[in-house]
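In what follows, a structure is listed as structure tokens, so that the remarks can point back to it.
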Amino acid sequence: MQVSITGRHVTVTDNIKAHVNEKLERCLGLFPRIESIRVILDEEKIYKVSEIVIQASNHIRVTAIEKSENLYDAIDRSIEHAERQMRKQRDKIQDHHK
């Protein structure tokens with residue numbers, strides 16, 4: 001699983017990288033078909049924006065965008081949103097093969 005973290009108008013520190021990697025390993029480790037994950041952190045006026053783009057096999061692409069006044073909160077919520085979408089995709093595939 002390839003993870004890239006990009007900051008737009010935000011400096012990405014080692015603490016932020018460690019937090020993102022820890023959350024992604026714990027939450028998205030359940031899905032073995034993930035090929036790459038892009039995390040884009042941005043700042044818009046008073047809001048911090050976290051966008052996660054997950055590319056998986058079988059042409060599955062999931063995008064989750066969350067805004068918050070706290071960057072860590074935005075990261076956590078966007079990862080949870082992406083995880084829900086991945087579960088839905090996995091369930092669709094499993095139900096289809098029955």
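To be explicit about the labels: the chains of the structure tokens are called A, B, and onward in the order shown, and within each one the residues are counted from 1, while ligands get numbers from 1 in the order they are shown.
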
(message) Quick one: residues within 6 Å of region 51-59 of chain A, only C-alpha atoms, excluding same-chain residues fewer than 6 positions away - as an MDAnalysis selection string?
(response) chainID A and resid 33:40 65

Residues of the last selection are to be written out with C-alpha atoms, as an mmCIF file, in the first residue's frame.
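Below you can see part24.cif, which holds the result:
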data_model
loop_
_atom_site.group_PDB
_atom_site.id
_atom_site.type_symbol
_atom_site.label_atom_id
_atom_site.label_comp_id
_atom_site.auth_asym_id
_atom_site.auth_seq_id
_atom_site.Cartn_x
_atom_site.Cartn_y
_atom_site.Cartn_z
ATOM 1 C CA ARG A 33 -6.824 -4.784 -2.440
ATOM 2 C CA ILE A 34 -5.841 -1.155 -1.850
ATOM 3 C CA GLU A 35 -3.113 -0.080 -4.249
ATOM 4 C CA SER A 36 -2.529 3.551 -3.261
ATOM 5 C CA ILE A 37 -3.807 6.221 -0.900
ATOM 6 C CA ARG A 38 -3.399 9.966 -1.424
ATOM 7 C CA VAL A 39 -3.972 12.291 1.517
ATOM 8 C CA ILE A 40 -4.300 15.979 0.617
ATOM 9 C CA ILE A 65 -13.472 15.140 1.911
#

(message) List the spatial neighbours of Asn70 (chain A) as a ChimeraX atom specification - criterion: any atom at most 10 Å away, only C-alpha atoms, same-chain residues fewer than 3 positions off excluded.
(response) /A:46-49,67,73-75

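Here CA of Glu44 (chain A) and CA of His9 (chain A) stand 8.6 Å from one another.
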
(message) From the options A:His81, A:Leu41, A:Glu22, A:Ile16, which residue's atoms come nearest to Val62 (chain A), counting only C-alpha atoms?
(response) A:His81
